[in-house]
Amino acid sequence: MKGSGRSEAIIDRLHALHPKLIDLSLGRLEILLAKLGHPERALPPVIHVAGTNGKGSTCAFLRAIAEAAGQRVHVYTSPHLVRFHERIRLAGALVEETLLADALEEVERVNGAEPITVFEVTTAVALLLFSRVEADLLVLEVGLGGRFDATNVVARPVATAITSISMDHMDFLGETLAKIAFEKAGIIKPGVPCATGFQAPEALAVLRDVAAAQGAPLLARGEAWEMDGAGYNGLALPPPGLPGVHQRDNAGIAITALRAWGPAWLNDAAIQRGVARAEWPARIQRMDGALAARVAPHELWLDGGHNPGAGAALAAHLPSWADKPLHILVGMKSGKGAAGFIAPLLPFATSLLAVREPGQHLAMDLAEIVAASGGVARAGGTVAEALAMLPHAPPGRVLICGSLYLAGEVLKAEAA
């Protein structure tokens, strides 16, 4: 969890304040926010986004639509891929180093030596900055879960959104889809509309129960809204700026949340422009930098999906790539459901190579990835080593996937 310059040094210091990187709780942060004068009560309108897969993409659609309407948008997302600054966007621009470092020092000073996780501190920093810079909307992405996630200190968003729920972070959220859905549903607030897309029946049932208990309208795909070949509820839409059939679901969730809030600035033209313009790195992203040049005439693509639900979503896009050979490089974080992620991809892979980068956080051993593939994968070493193993002809596509941390390392190499 690195920053750059002075902010990086502060973040490194903060790791010593709590023995655990993840410790889901609101109490520590609520005490800190009170000492800071309750910045969470002085925010622009908030749309709070939870889910297993698609949170970041949905946030990207929300931001793009609002900005297409001329609005100033704050965004808080995690994790970052290359620089910590990616997590905090102030009125459209990534937070500047001096502003970030000053806010980190202020929060560190106010917190003193009290136990607190780094994510709780950085959430406090983000909320403090969001309260001090004018904007028309704050898009707030949950870090992990929802009910006890640090972002859930915001008491009254204008809308909430819950993207696709699948098995992930079971050690923190529970071993069943219903338990995970209950944690995600913790962002649903009394009377506040909640937009959601395709969900497994078990997850949707939990969302319905929690929404009913909170008196919150649950705006589910297939009931309150639909996305089909004609567009969104009859509104013609261009292809989403983010490729993949699953992105239509994320775009629809974003539109539904915005329409449920109903600001005066929202109009059909802004929705259409925003859907087309949305950008979010490492989501079926075509690469065109240094690594891409090395594998030409192959195309190089990158995706950060890292759990079984993401594997299924990625696989749904691959039939559109059937015109060329597909070479897949998979690197994953230890403890993730590697077999469940890889299995949907296998029918489309001309070759499959297991990779890990030296700087990749908690990278899974190559042998574990090979085993998870049922022995189909070969050990490829680093990304560069694996790319060198690929045939030069015929021209095909190369997909690097399996981890946002791996994606960050690839993006660094691309920019080199």
# chains A, B, ... in the order shown; residues from 1 in each chain; ligands from 1
>>> residues_around(residues="range 258-267 of chain A", least_positions_apart="6", cutoff="7 Å", atoms="only C-alpha atoms", output="ChimeraX atom specification")
/A:69,158-159,193
>>> closest_atom_pairs(of="range 177-270 of chain A", to="range 274-277 of chain A", cutoff="9 Å", atoms="only C-alpha atoms", output="JSON lines")
{"residue": "A:Leu237", "atom": "CA", "partner": "A:Val275", "partner_atom": "CA", "distance": 7.5}
{"residue": "A:Pro238", "atom": "CA", "partner": "A:Ala276", "partner_atom": "CA", "distance": 6.0}
{"residue": "A:Pro239", "atom": "CA", "partner": "A:Ala276", "partner_atom": "CA", "distance": 6.1}
{"residue": "A:Pro240", "atom": "CA", "partner": "A:Ala276", "partner_atom": "CA", "distance": 4.8}
{"residue": "A:Gly241", "atom": "CA", "partner": "A:Ala276", "partner_atom": "CA", "distance": 4.4}
{"residue": "A:Leu242", "atom": "CA", "partner": "A:Ala276", "partner_atom": "CA", "distance": 8.0}
{"residue": "A:Ala251", "atom": "CA", "partner": "A:Val275", "partner_atom": "CA", "distance": 6.6}
{"residue": "A:Ile255", "atom": "CA", "partner": "A:Val275", "partner_atom": "CA", "distance": 9.0}
{"residue": "A:Ala269", "atom": "CA", "partner": "A:Gly274", "partner_atom": "CA", "distance": 8.4}
{"residue": "A:Ala270", "atom": "CA", "partner": "A:Gly274", "partner_atom": "CA", "distance": 5.8}
>>> write_last_selection(atoms="N, CA and C atoms", output="tab-separated table (two decimals), in the first residue's frame")
chain	number	residue	atom	x	y	z
A	237	LEU	N	-28.59	3.52	-26.04
A	237	LEU	CA	-27.27	3.77	-25.47
A	237	LEU	C	-26.18	3.33	-26.44
A	238	PRO	N	-25.07	4.06	-26.47
A	238	PRO	CA	-23.92	3.61	-27.24
A	238	PRO	C	-23.25	2.44	-26.51
A	239	PRO	N	-22.33	1.71	-27.17
A	239	PRO	CA	-21.59	0.68	-26.45
A	239	PRO	C	-20.85	1.30	-25.26
A	240	PRO	N	-20.85	0.65	-24.11
A	240	PRO	CA	-20.13	1.20	-22.96
A	240	PRO	C	-18.64	1.39	-23.25
A	241	GLY	N	-18.07	2.43	-22.66
A	241	GLY	CA	-16.65	2.69	-22.83
A	241	GLY	C	-15.78	1.58	-22.26
A	242	LEU	N	-16.33	0.79	-21.34
A	242	LEU	CA	-15.62	-0.35	-20.77
A	242	LEU	C	-16.12	-1.61	-21.47
A	251	ALA	N	-23.21	-0.44	-15.93
A	251	ALA	CA	-23.72	0.83	-16.44
A	251	ALA	C	-25.17	1.02	-16.03
A	255	ILE	N	-26.86	4.08	-13.82
A	255	ILE	CA	-27.97	4.90	-14.31
A	255	ILE	C	-29.14	4.83	-13.33
A	269	ALA	N	-28.98	12.83	-22.52
A	269	ALA	CA	-27.76	13.07	-23.29
A	269	ALA	C	-26.52	12.82	-22.43
A	270	ALA	N	-26.57	13.25	-21.17
A	270	ALA	CA	-25.43	13.03	-20.26
A	270	ALA	C	-25.24	11.54	-20.00
>>> select_by_dssp(residues="range 69-265 of chain A", states="alpha helix (DSSP H)", output="MDAnalysis selection string")
chainID A and resid 97:111 118:132 170:173 177:184 201:214 246:261
>>> select_by_dssp(residues="range 225-361 of chain A", states="strand (DSSP E)", output="list in words")
Met227, Asp228, Gly231, Tyr232, Gln285, Arg286, Glu299, Leu300, Trp301, Leu302, Leu326, His327, Ile328, Leu329, Val330, Ser351, Leu352, Leu353, Ala354 and Val355 of chain A
>>> write_last_selection(atoms="N, CA, C and O atoms", output="CSV table (one decimal), in the first residue's frame")
chain,number,residue,atom,x,y,z
A,227,MET,N,-31.7,-3.7,-19.2
A,227,MET,CA,-30.7,-3.3,-20.2
A,227,MET,C,-30.7,-4.3,-21.3
A,227,MET,O,-30.5,-5.5,-21.0
A,228,ASP,N,-31.1,-3.9,-22.5
A,228,ASP,CA,-31.1,-4.9,-23.6
A,228,ASP,C,-30.6,-4.3,-24.8
A,228,ASP,O,-29.9,-3.2,-24.8
A,231,GLY,N,-31.2,-0.7,-25.3
A,231,GLY,CA,-30.7,0.3,-24.4
A,231,GLY,C,-31.2,0.1,-23.0
A,231,GLY,O,-31.5,-1.0,-22.6
A,232,TYR,N,-31.3,1.2,-22.3
A,232,TYR,CA,-31.7,1.1,-20.9
A,232,TYR,C,-33.2,1.6,-20.8
A,232,TYR,O,-33.5,2.8,-21.0
A,285,GLN,N,-8.7,-4.1,-20.6
A,285,GLN,CA,-8.0,-2.9,-21.1
A,285,GLN,C,-7.0,-3.3,-22.2
A,285,GLN,O,-6.1,-4.2,-21.9
A,286,ARG,N,-7.1,-2.7,-23.3
A,286,ARG,CA,-6.1,-2.9,-24.4
A,286,ARG,C,-4.8,-2.1,-24.1
A,286,ARG,O,-4.9,-0.9,-23.8
A,299,GLU,N,-2.0,-8.8,-29.8
A,299,GLU,CA,-2.6,-7.8,-29.0
A,299,GLU,C,-2.4,-8.1,-27.6
A,299,GLU,O,-2.4,-9.3,-27.2
A,300,LEU,N,-2.2,-7.1,-26.7
A,300,LEU,CA,-2.0,-7.3,-25.3
A,300,LEU,C,-3.2,-6.7,-24.5
A,300,LEU,O,-3.5,-5.5,-24.7
A,301,TRP,N,-3.8,-7.5,-23.7
A,301,TRP,CA,-4.9,-7.1,-22.9
A,301,TRP,C,-4.7,-7.3,-21.4
A,301,TRP,O,-3.9,-8.3,-21.0
A,302,LEU,N,-5.3,-6.6,-20.5
A,302,LEU,CA,-5.1,-6.7,-19.1
A,302,LEU,C,-6.5,-6.6,-18.4
A,302,LEU,O,-7.3,-5.8,-18.7
A,326,LEU,N,-5.9,-17.3,-28.3
A,326,LEU,CA,-5.8,-16.5,-27.0
A,326,LEU,C,-4.9,-17.2,-26.1
A,326,LEU,O,-5.0,-18.4,-25.7
A,327,HIS,N,-3.8,-16.4,-25.7
A,327,HIS,CA,-2.9,-16.9,-24.7
A,327,HIS,C,-3.1,-16.2,-23.4
A,327,HIS,O,-3.1,-14.9,-23.4
A,328,ILE,N,-3.4,-16.9,-22.4
A,328,ILE,CA,-3.8,-16.3,-21.1
A,328,ILE,C,-2.6,-16.5,-20.1
A,328,ILE,O,-2.1,-17.6,-19.9
A,329,LEU,N,-2.3,-15.4,-19.4
A,329,LEU,CA,-1.3,-15.4,-18.3
A,329,LEU,C,-2.0,-15.1,-17.1
A,329,LEU,O,-2.7,-14.0,-16.9
A,330,VAL,N,-2.0,-16.0,-16.1
A,330,VAL,CA,-2.7,-15.9,-14.8
A,330,VAL,C,-1.8,-15.8,-13.7
A,330,VAL,O,-0.9,-16.6,-13.5
A,351,SER,N,-3.3,-21.3,-24.9
A,351,SER,CA,-2.3,-21.7,-24.0
A,351,SER,C,-2.6,-20.9,-22.7
A,351,SER,O,-3.2,-19.9,-22.7
A,352,LEU,N,-2.1,-21.5,-21.6
A,352,LEU,CA,-2.3,-20.9,-20.2
A,352,LEU,C,-1.0,-21.0,-19.5
A,352,LEU,O,-0.4,-22.0,-19.3
A,353,LEU,N,-0.5,-19.8,-19.0
A,353,LEU,CA,0.8,-19.7,-18.3
A,353,LEU,C,0.6,-19.1,-16.9
A,353,LEU,O,-0.1,-18.1,-16.8
A,354,ALA,N,1.1,-19.7,-15.9
A,354,ALA,CA,1.1,-19.1,-14.5
A,354,ALA,C,2.2,-18.2,-14.3
A,354,ALA,O,3.4,-18.5,-14.7
A,355,VAL,N,1.9,-17.0,-13.8
A,355,VAL,CA,2.9,-16.0,-13.6
A,355,VAL,C,2.9,-15.4,-12.2
A,355,VAL,O,1.8,-15.4,-11.5
>>> closest_residue(among="A:Val118, A:Leu128, A:Val142, A:Ala66", to="Asn53 in chain A", atoms="only C-alpha atoms")
A:Val142
>>> residues_around(residues="Val210 in chain A", least_positions_apart="2", cutoff="8 Å", atoms="only C-alpha atoms", output="list of chain:residue names")
A:Phe182, A:Ala185, A:Ile188, A:Val206, A:Leu207, A:Arg208, A:Ala212, A:Ala213, A:Gln214
>>> residues_around(residues="Ile187 in chain A", least_positions_apart="3", cutoff="10 Å", atoms="only C-alpha atoms", output="ChimeraX atom specification")
/A:48-50,142,145-149,151-157,159-162,182-184,190,192,194,210-211
>>> write_last_selection(atoms="N, CA and C atoms", output="short mmCIF file (atom, residue, chain, number, x, y, z; two decimals), in the first residue's frame")
data_model
loop_
_atom_site.label_atom_id
_atom_site.label_comp_id
_atom_site.auth_asym_id
_atom_site.auth_seq_id
_atom_site.Cartn_x
_atom_site.Cartn_y
_atom_site.Cartn_z
N HIS A 48 -23.23 5.51 -2.55
CA HIS A 48 -22.37 4.52 -1.89
C HIS A 48 -22.47 3.22 -2.66
N VAL A 49 -21.33 2.63 -3.03
CA VAL A 49 -21.29 1.47 -3.93
C VAL A 49 -20.60 0.29 -3.25
N ALA A 50 -21.31 -0.84 -3.16
CA ALA A 50 -20.76 -2.08 -2.63
C ALA A 50 -20.92 -3.19 -3.66
N VAL A 142 -17.08 1.06 -1.35
CA VAL A 142 -16.76 0.25 -0.18
C VAL A 142 -15.41 -0.42 -0.38
N GLY A 145 -16.66 -5.66 2.06
CA GLY A 145 -17.94 -5.93 2.70
C GLY A 145 -18.89 -4.77 2.55
N GLY A 146 -19.23 -4.16 3.66
CA GLY A 146 -20.17 -3.04 3.64
C GLY A 146 -20.61 -2.65 5.03
N ARG A 147 -21.16 -3.61 5.77
CA ARG A 147 -21.76 -3.31 7.07
C ARG A 147 -20.76 -2.66 8.02
N PHE A 148 -19.54 -3.23 8.11
CA PHE A 148 -18.53 -2.69 9.01
C PHE A 148 -17.37 -2.05 8.25
N ASP A 149 -17.54 -1.79 6.97
CA ASP A 149 -16.50 -1.12 6.21
C ASP A 149 -16.39 0.33 6.65
N THR A 151 -16.14 3.02 5.08
CA THR A 151 -16.94 4.00 4.34
C THR A 151 -18.38 4.07 4.83
N ASN A 152 -18.80 3.10 5.64
CA ASN A 152 -20.20 3.06 6.08
C ASN A 152 -20.50 4.02 7.23
N VAL A 153 -19.58 4.95 7.49
CA VAL A 153 -19.85 6.00 8.47
C VAL A 153 -20.74 7.09 7.88
N VAL A 154 -20.94 7.06 6.57
CA VAL A 154 -21.83 8.05 5.93
C VAL A 154 -23.27 7.60 6.18
N ALA A 155 -24.00 8.41 6.93
CA ALA A 155 -25.30 7.99 7.44
C ALA A 155 -26.43 8.10 6.42
N ARG A 156 -26.33 9.04 5.50
CA ARG A 156 -27.49 9.29 4.64
C ARG A 156 -27.06 9.58 3.20
N PRO A 157 -26.66 8.56 2.43
CA PRO A 157 -26.39 8.78 1.01
C PRO A 157 -27.69 9.09 0.28
N ALA A 159 -28.32 7.68 -2.63
CA ALA A 159 -28.64 6.38 -3.22
C ALA A 159 -27.50 5.42 -2.88
N THR A 160 -27.81 4.13 -2.92
CA THR A 160 -26.78 3.12 -2.79
C THR A 160 -26.84 2.21 -4.01
N ALA A 161 -25.75 1.49 -4.24
CA ALA A 161 -25.68 0.57 -5.38
C ALA A 161 -24.93 -0.67 -4.93
N ILE A 162 -25.45 -1.83 -5.28
CA ILE A 162 -24.79 -3.10 -4.95
C ILE A 162 -24.62 -3.89 -6.23
N PHE A 182 -25.38 -10.37 3.05
CA PHE A 182 -25.83 -9.63 4.22
C PHE A 182 -24.84 -8.54 4.59
N GLU A 183 -23.55 -8.86 4.50
CA GLU A 183 -22.54 -7.84 4.80
C GLU A 183 -22.57 -6.72 3.77
N LYS A 184 -22.71 -7.06 2.50
CA LYS A 184 -22.80 -6.04 1.44
C LYS A 184 -24.03 -5.17 1.65
N PRO A 190 -32.15 3.50 5.72
CA PRO A 190 -33.60 3.67 5.79
C PRO A 190 -34.12 4.65 4.72
N VAL A 192 -33.57 4.97 1.65
CA VAL A 192 -32.67 5.36 0.56
C VAL A 192 -32.72 4.30 -0.54
N CYS A 194 -31.88 1.67 -3.37
CA CYS A 194 -30.70 0.84 -3.63
C CYS A 194 -30.84 0.21 -5.01
N VAL A 210 -33.21 -7.20 3.62
CA VAL A 210 -32.60 -6.05 4.28
C VAL A 210 -33.26 -4.75 3.80
N ALA A 211 -33.50 -4.64 2.51
CA ALA A 211 -34.15 -3.42 1.98
C ALA A 211 -35.55 -3.26 2.58
#
>>> closest_residue(among="A:Val133, A:Leu100, A:Leu291, A:Ala224", to="Arg87 in chain A", atoms="only C-alpha atoms")
A:Leu100
>>> residues_around(residues="Ala313 in chain A", least_positions_apart="6", cutoff="9 Å", atoms="only C-alpha atoms", output="PDB file with N, CA, C and O atoms, in the first residue's frame")
ATOM      1  N   GLY A 244     -16.863  -5.632 -22.445  1.00  0.00           N
ATOM      2  CA  GLY A 244     -17.334  -6.781 -21.674  1.00  0.00           C
ATOM      3  C   GLY A 244     -18.834  -6.717 -21.484  1.00  0.00           C
ATOM      4  O   GLY A 244     -19.375  -5.659 -21.132  1.00  0.00           O
ATOM      5  N   VAL A 245     -19.522  -7.837 -21.687  1.00  0.00           N
ATOM      6  CA  VAL A 245     -20.982  -7.830 -21.567  1.00  0.00           C
ATOM      7  C   VAL A 245     -21.422  -7.489 -20.152  1.00  0.00           C
ATOM      8  O   VAL A 245     -22.496  -6.906 -19.942  1.00  0.00           O
ATOM      9  N   HIS A 246     -20.586  -7.823 -19.151  1.00  0.00           N
ATOM     10  CA  HIS A 246     -20.939  -7.530 -17.761  1.00  0.00           C
ATOM     11  C   HIS A 246     -20.971  -6.034 -17.484  1.00  0.00           C
ATOM     12  O   HIS A 246     -21.619  -5.594 -16.525  1.00  0.00           O
ATOM     13  N   GLY A 305      -9.704  -8.787 -12.717  1.00  0.00           N
ATOM     14  CA  GLY A 305     -10.629  -9.690 -12.039  1.00  0.00           C
ATOM     15  C   GLY A 305      -9.876 -10.800 -11.328  1.00  0.00           C
ATOM     16  O   GLY A 305      -8.893 -11.325 -11.854  1.00  0.00           O
ATOM     17  N   PRO A 344     -13.670 -21.153 -15.865  1.00  0.00           N
ATOM     18  CA  PRO A 344     -14.459 -20.640 -16.996  1.00  0.00           C
ATOM     19  C   PRO A 344     -13.607 -20.191 -18.178  1.00  0.00           C
ATOM     20  O   PRO A 344     -14.117 -20.079 -19.295  1.00  0.00           O
TER      21      PRO A 344
END
>>> residues_around(residues="range 374-385 of chain A", least_positions_apart="2", cutoff="10 Å", atoms="only C-alpha atoms", output="mmCIF file with N, CA, C and O atoms, in the first residue's frame")
data_model
loop_
_atom_site.group_PDB
_atom_site.id
_atom_site.type_symbol
_atom_site.label_atom_id
_atom_site.label_comp_id
_atom_site.auth_asym_id
_atom_site.auth_seq_id
_atom_site.Cartn_x
_atom_site.Cartn_y
_atom_site.Cartn_z
ATOM 1 N N LEU A 291 5.277 -3.149 -22.921
ATOM 2 C CA LEU A 291 5.037 -4.588 -22.989
ATOM 3 C C LEU A 291 4.297 -4.967 -24.258
ATOM 4 O O LEU A 291 4.587 -5.987 -24.885
ATOM 5 N N ARG A 294 6.467 -5.353 -27.160
ATOM 6 C CA ARG A 294 7.305 -6.551 -27.141
ATOM 7 C C ARG A 294 6.579 -7.780 -27.672
ATOM 8 O O ARG A 294 7.223 -8.738 -28.123
ATOM 9 N N VAL A 295 5.234 -7.811 -27.590
ATOM 10 C CA VAL A 295 4.506 -9.008 -28.019
ATOM 11 C C VAL A 295 3.851 -8.844 -29.384
ATOM 12 O O VAL A 295 3.191 -9.761 -29.855
ATOM 13 N N ILE A 328 -3.382 -16.926 -22.353
ATOM 14 C CA ILE A 328 -3.764 -16.333 -21.066
ATOM 15 C C ILE A 328 -2.632 -16.500 -20.061
ATOM 16 O O ILE A 328 -2.115 -17.602 -19.867
ATOM 17 N N LEU A 329 -2.251 -15.380 -19.427
ATOM 18 C CA LEU A 329 -1.279 -15.377 -18.340
ATOM 19 C C LEU A 329 -2.033 -15.090 -17.052
ATOM 20 O O LEU A 329 -2.692 -14.043 -16.940
ATOM 21 N N VAL A 330 -1.979 -16.013 -16.098
ATOM 22 C CA VAL A 330 -2.730 -15.872 -14.848
ATOM 23 C C VAL A 330 -1.775 -15.753 -13.675
ATOM 24 O O VAL A 330 -0.910 -16.606 -13.471
ATOM 25 N N GLY A 331 -1.935 -14.689 -12.889
ATOM 26 C CA GLY A 331 -1.230 -14.526 -11.627
ATOM 27 C C GLY A 331 -2.239 -14.126 -10.581
ATOM 28 O O GLY A 331 -3.055 -13.233 -10.822
ATOM 29 N N ALA A 339 -9.022 -21.905 -8.632
ATOM 30 C CA ALA A 339 -9.673 -22.892 -9.500
ATOM 31 C C ALA A 339 -10.983 -22.340 -10.062
ATOM 32 O O ALA A 339 -11.286 -22.512 -11.246
ATOM 33 N N ILE A 342 -10.154 -19.710 -12.783
ATOM 34 C CA ILE A 342 -9.549 -20.218 -14.004
ATOM 35 C C ILE A 342 -10.505 -21.083 -14.817
ATOM 36 O O ILE A 342 -10.515 -21.027 -16.058
ATOM 37 N N ALA A 343 -11.339 -21.884 -14.159
ATOM 38 C CA ALA A 343 -12.161 -22.872 -14.861
ATOM 39 C C ALA A 343 -12.980 -22.297 -16.020
ATOM 40 O O ALA A 343 -12.997 -22.877 -17.115
ATOM 41 N N LEU A 346 -10.761 -21.716 -19.287
ATOM 42 C CA LEU A 346 -10.046 -22.809 -19.941
ATOM 43 C C LEU A 346 -10.552 -23.130 -21.349
ATOM 44 O O LEU A 346 -9.739 -23.367 -22.254
ATOM 45 N N ALA A 349 -8.782 -20.858 -23.981
ATOM 46 C CA ALA A 349 -7.335 -20.631 -23.945
ATOM 47 C C ALA A 349 -6.597 -21.531 -24.926
ATOM 48 O O ALA A 349 -6.687 -22.758 -24.831
ATOM 49 N N SER A 351 -3.304 -21.276 -24.935
ATOM 50 C CA SER A 351 -2.279 -21.651 -23.962
ATOM 51 C C SER A 351 -2.550 -20.907 -22.668
ATOM 52 O O SER A 351 -3.208 -19.855 -22.667
ATOM 53 N N LEU A 352 -2.056 -21.476 -21.566
ATOM 54 C CA LEU A 352 -2.272 -20.885 -20.243
ATOM 55 C C LEU A 352 -0.959 -20.958 -19.470
ATOM 56 O O LEU A 352 -0.378 -22.031 -19.306
ATOM 57 N N LEU A 353 -0.484 -19.798 -19.022
ATOM 58 C CA LEU A 353 0.779 -19.709 -18.300
ATOM 59 C C LEU A 353 0.559 -19.088 -16.922
ATOM 60 O O LEU A 353 -0.144 -18.077 -16.797
ATOM 61 N N ALA A 354 1.144 -19.691 -15.897
ATOM 62 C CA ALA A 354 1.076 -19.150 -14.541
ATOM 63 C C ALA A 354 2.224 -18.168 -14.346
ATOM 64 O O ALA A 354 3.367 -18.462 -14.693
ATOM 65 N N VAL A 355 1.912 -16.987 -13.789
ATOM 66 C CA VAL A 355 2.934 -15.956 -13.610
ATOM 67 C C VAL A 355 2.861 -15.357 -12.217
ATOM 68 O O VAL A 355 1.827 -15.416 -11.542
ATOM 69 N N ARG A 356 3.964 -14.760 -11.788
ATOM 70 C CA ARG A 356 3.987 -13.939 -10.579
ATOM 71 C C ARG A 356 5.121 -12.943 -10.720
ATOM 72 O O ARG A 356 6.191 -13.258 -11.252
ATOM 73 N N GLU A 357 4.856 -11.723 -10.260
ATOM 74 C CA GLU A 357 5.846 -10.653 -10.326
ATOM 75 C C GLU A 357 6.528 -10.484 -8.975
ATOM 76 O O GLU A 357 5.889 -10.672 -7.922
ATOM 77 N N PRO A 358 7.802 -10.103 -8.956
ATOM 78 C CA PRO A 358 8.510 -9.922 -7.675
ATOM 79 C C PRO A 358 7.818 -8.931 -6.743
ATOM 80 O O PRO A 358 7.801 -9.121 -5.526
ATOM 81 N N ASP A 365 1.958 -18.964 -5.440
ATOM 82 C CA ASP A 365 3.021 -19.746 -6.057
ATOM 83 C C ASP A 365 2.578 -20.257 -7.419
ATOM 84 O O ASP A 365 1.400 -20.604 -7.626
ATOM 85 N N LEU A 366 3.526 -20.353 -8.333
ATOM 86 C CA LEU A 366 3.209 -20.837 -9.674
ATOM 87 C C LEU A 366 2.640 -22.252 -9.624
ATOM 88 O O LEU A 366 1.698 -22.576 -10.359
ATOM 89 N N ALA A 367 3.197 -23.088 -8.764
ATOM 90 C CA ALA A 367 2.725 -24.472 -8.672
ATOM 91 C C ALA A 367 1.264 -24.537 -8.231
ATOM 92 O O ALA A 367 0.508 -25.414 -8.692
ATOM 93 N N GLU A 368 0.851 -23.618 -7.356
ATOM 94 C CA GLU A 368 -0.551 -23.589 -6.915
ATOM 95 C C GLU A 368 -1.478 -23.225 -8.066
ATOM 96 O O GLU A 368 -2.570 -23.768 -8.198
ATOM 97 N N ILE A 369 -1.036 -22.277 -8.900
ATOM 98 C CA ILE A 369 -1.859 -21.876 -10.040
ATOM 99 C C ILE A 369 -1.967 -23.020 -11.036
ATOM 100 O O ILE A 369 -3.049 -23.308 -11.570
ATOM 101 N N VAL A 370 -0.846 -23.689 -11.286
ATOM 102 C CA VAL A 370 -0.862 -24.839 -12.200
ATOM 103 C C VAL A 370 -1.821 -25.904 -11.677
ATOM 104 O O VAL A 370 -2.631 -26.462 -12.428
ATOM 105 N N ALA A 371 -1.757 -26.185 -10.385
ATOM 106 C CA ALA A 371 -2.655 -27.183 -9.794
ATOM 107 C C ALA A 371 -4.111 -26.756 -9.901
ATOM 108 O O ALA A 371 -4.996 -27.573 -10.189
ATOM 109 N N ALA A 372 -4.371 -25.459 -9.674
ATOM 110 C CA ALA A 372 -5.740 -24.943 -9.744
ATOM 111 C C ALA A 372 -6.317 -25.051 -11.153
ATOM 112 O O ALA A 372 -7.535 -25.110 -11.325
ATOM 113 N N LEU A 387 5.848 -13.952 -21.491
ATOM 114 C CA LEU A 387 5.637 -13.369 -22.817
ATOM 115 C C LEU A 387 6.679 -13.875 -23.814
ATOM 116 O O LEU A 387 6.378 -14.086 -24.994
ATOM 117 N N ALA A 388 7.892 -14.087 -23.328
ATOM 118 C CA ALA A 388 8.957 -14.584 -24.207
ATOM 119 C C ALA A 388 8.717 -16.029 -24.631
ATOM 120 O O ALA A 388 9.300 -16.490 -25.622
ATOM 121 N N MET A 389 7.854 -16.751 -23.906
ATOM 122 C CA MET A 389 7.556 -18.147 -24.234
ATOM 123 C C MET A 389 6.475 -18.297 -25.301
ATOM 124 O O MET A 389 6.265 -19.391 -25.820
ATOM 125 N N LEU A 390 5.787 -17.207 -25.617
ATOM 126 C CA LEU A 390 4.658 -17.297 -26.545
ATOM 127 C C LEU A 390 5.143 -17.456 -27.982
ATOM 128 O O LEU A 390 6.173 -16.897 -28.369
ATOM 129 N N ILE A 400 -3.528 -10.882 -19.747
ATOM 130 C CA ILE A 400 -2.928 -11.003 -18.410
ATOM 131 C C ILE A 400 -4.031 -10.734 -17.399
ATOM 132 O O ILE A 400 -4.707 -9.690 -17.471
ATOM 133 N N LEU A 406 -1.254 -7.777 -9.552
ATOM 134 C CA LEU A 406 -0.518 -8.100 -10.767
ATOM 135 C C LEU A 406 -0.755 -7.027 -11.820
ATOM 136 O O LEU A 406 0.178 -6.582 -12.490
ATOM 137 N N GLU A 409 1.449 -4.079 -11.312
ATOM 138 C CA GLU A 409 2.827 -4.313 -11.759
ATOM 139 C C GLU A 409 2.935 -4.235 -13.272
ATOM 140 O O GLU A 409 3.912 -3.709 -13.809
ATOM 141 N N VAL A 410 1.937 -4.750 -13.982
ATOM 142 C CA VAL A 410 1.935 -4.693 -15.438
ATOM 143 C C VAL A 410 1.824 -3.259 -15.924
ATOM 144 O O VAL A 410 2.532 -2.841 -16.868
ATOM 145 N N ALA A 413 5.132 -1.590 -15.702
ATOM 146 C CA ALA A 413 6.019 -2.037 -16.775
ATOM 147 C C ALA A 413 5.620 -1.419 -18.106
ATOM 148 O O ALA A 413 6.480 -1.078 -18.921
#
>>> residues_around(residues="Pro325 in chain A", least_positions_apart="4", cutoff="7 Å", atoms="only C-alpha atoms", output="number ranges by chain")
A: 350, 396-397
>>> write_last_selection(atoms="N, CA, C and O atoms", output="PDB file, in the first residue's frame")
ATOM      1  N   THR A 350      -5.859 -20.911 -25.840  1.00  0.00           N
ATOM      2  CA  THR A 350      -4.937 -21.665 -26.680  1.00  0.00           C
ATOM      3  C   THR A 350      -3.754 -22.135 -25.843  1.00  0.00           C
ATOM      4  O   THR A 350      -3.250 -23.234 -26.012  1.00  0.00           O
ATOM      5  N   GLY A 396      -2.256 -13.333 -32.363  1.00  0.00           N
ATOM      6  CA  GLY A 396      -3.392 -13.613 -31.495  1.00  0.00           C
ATOM      7  C   GLY A 396      -3.567 -12.534 -30.454  1.00  0.00           C
ATOM      8  O   GLY A 396      -3.129 -11.396 -30.630  1.00  0.00           O
ATOM      9  N   ARG A 397      -4.199 -12.933 -29.369  1.00  0.00           N
ATOM     10  CA  ARG A 397      -4.381 -12.015 -28.237  1.00  0.00           C
ATOM     11  C   ARG A 397      -3.722 -12.625 -27.010  1.00  0.00           C
ATOM     12  O   ARG A 397      -3.762 -13.840 -26.807  1.00  0.00           O
TER      13      ARG A 397
END
>>> atom_distance(atom1="CA of Pro243 in chain A", atom2="CA of Ser403 in chain A")
18.1 Å
>>> atom_distance(atom1="CA of Ala91 in chain A", atom2="CA of Ile10 in chain A")
24.1 Å
>>> closest_residue(among="A:Gly311, A:Gly337, A:Gly56, A:Gly112", to="Leu17 in chain A", atoms="only C-alpha atoms")
A:Gly112
>>> closest_residue(among="A:Ser25, A:Ile284, A:Arg83, A:Ala236", to="Glu96 in chain A", atoms="only C-alpha atoms")
A:Arg83
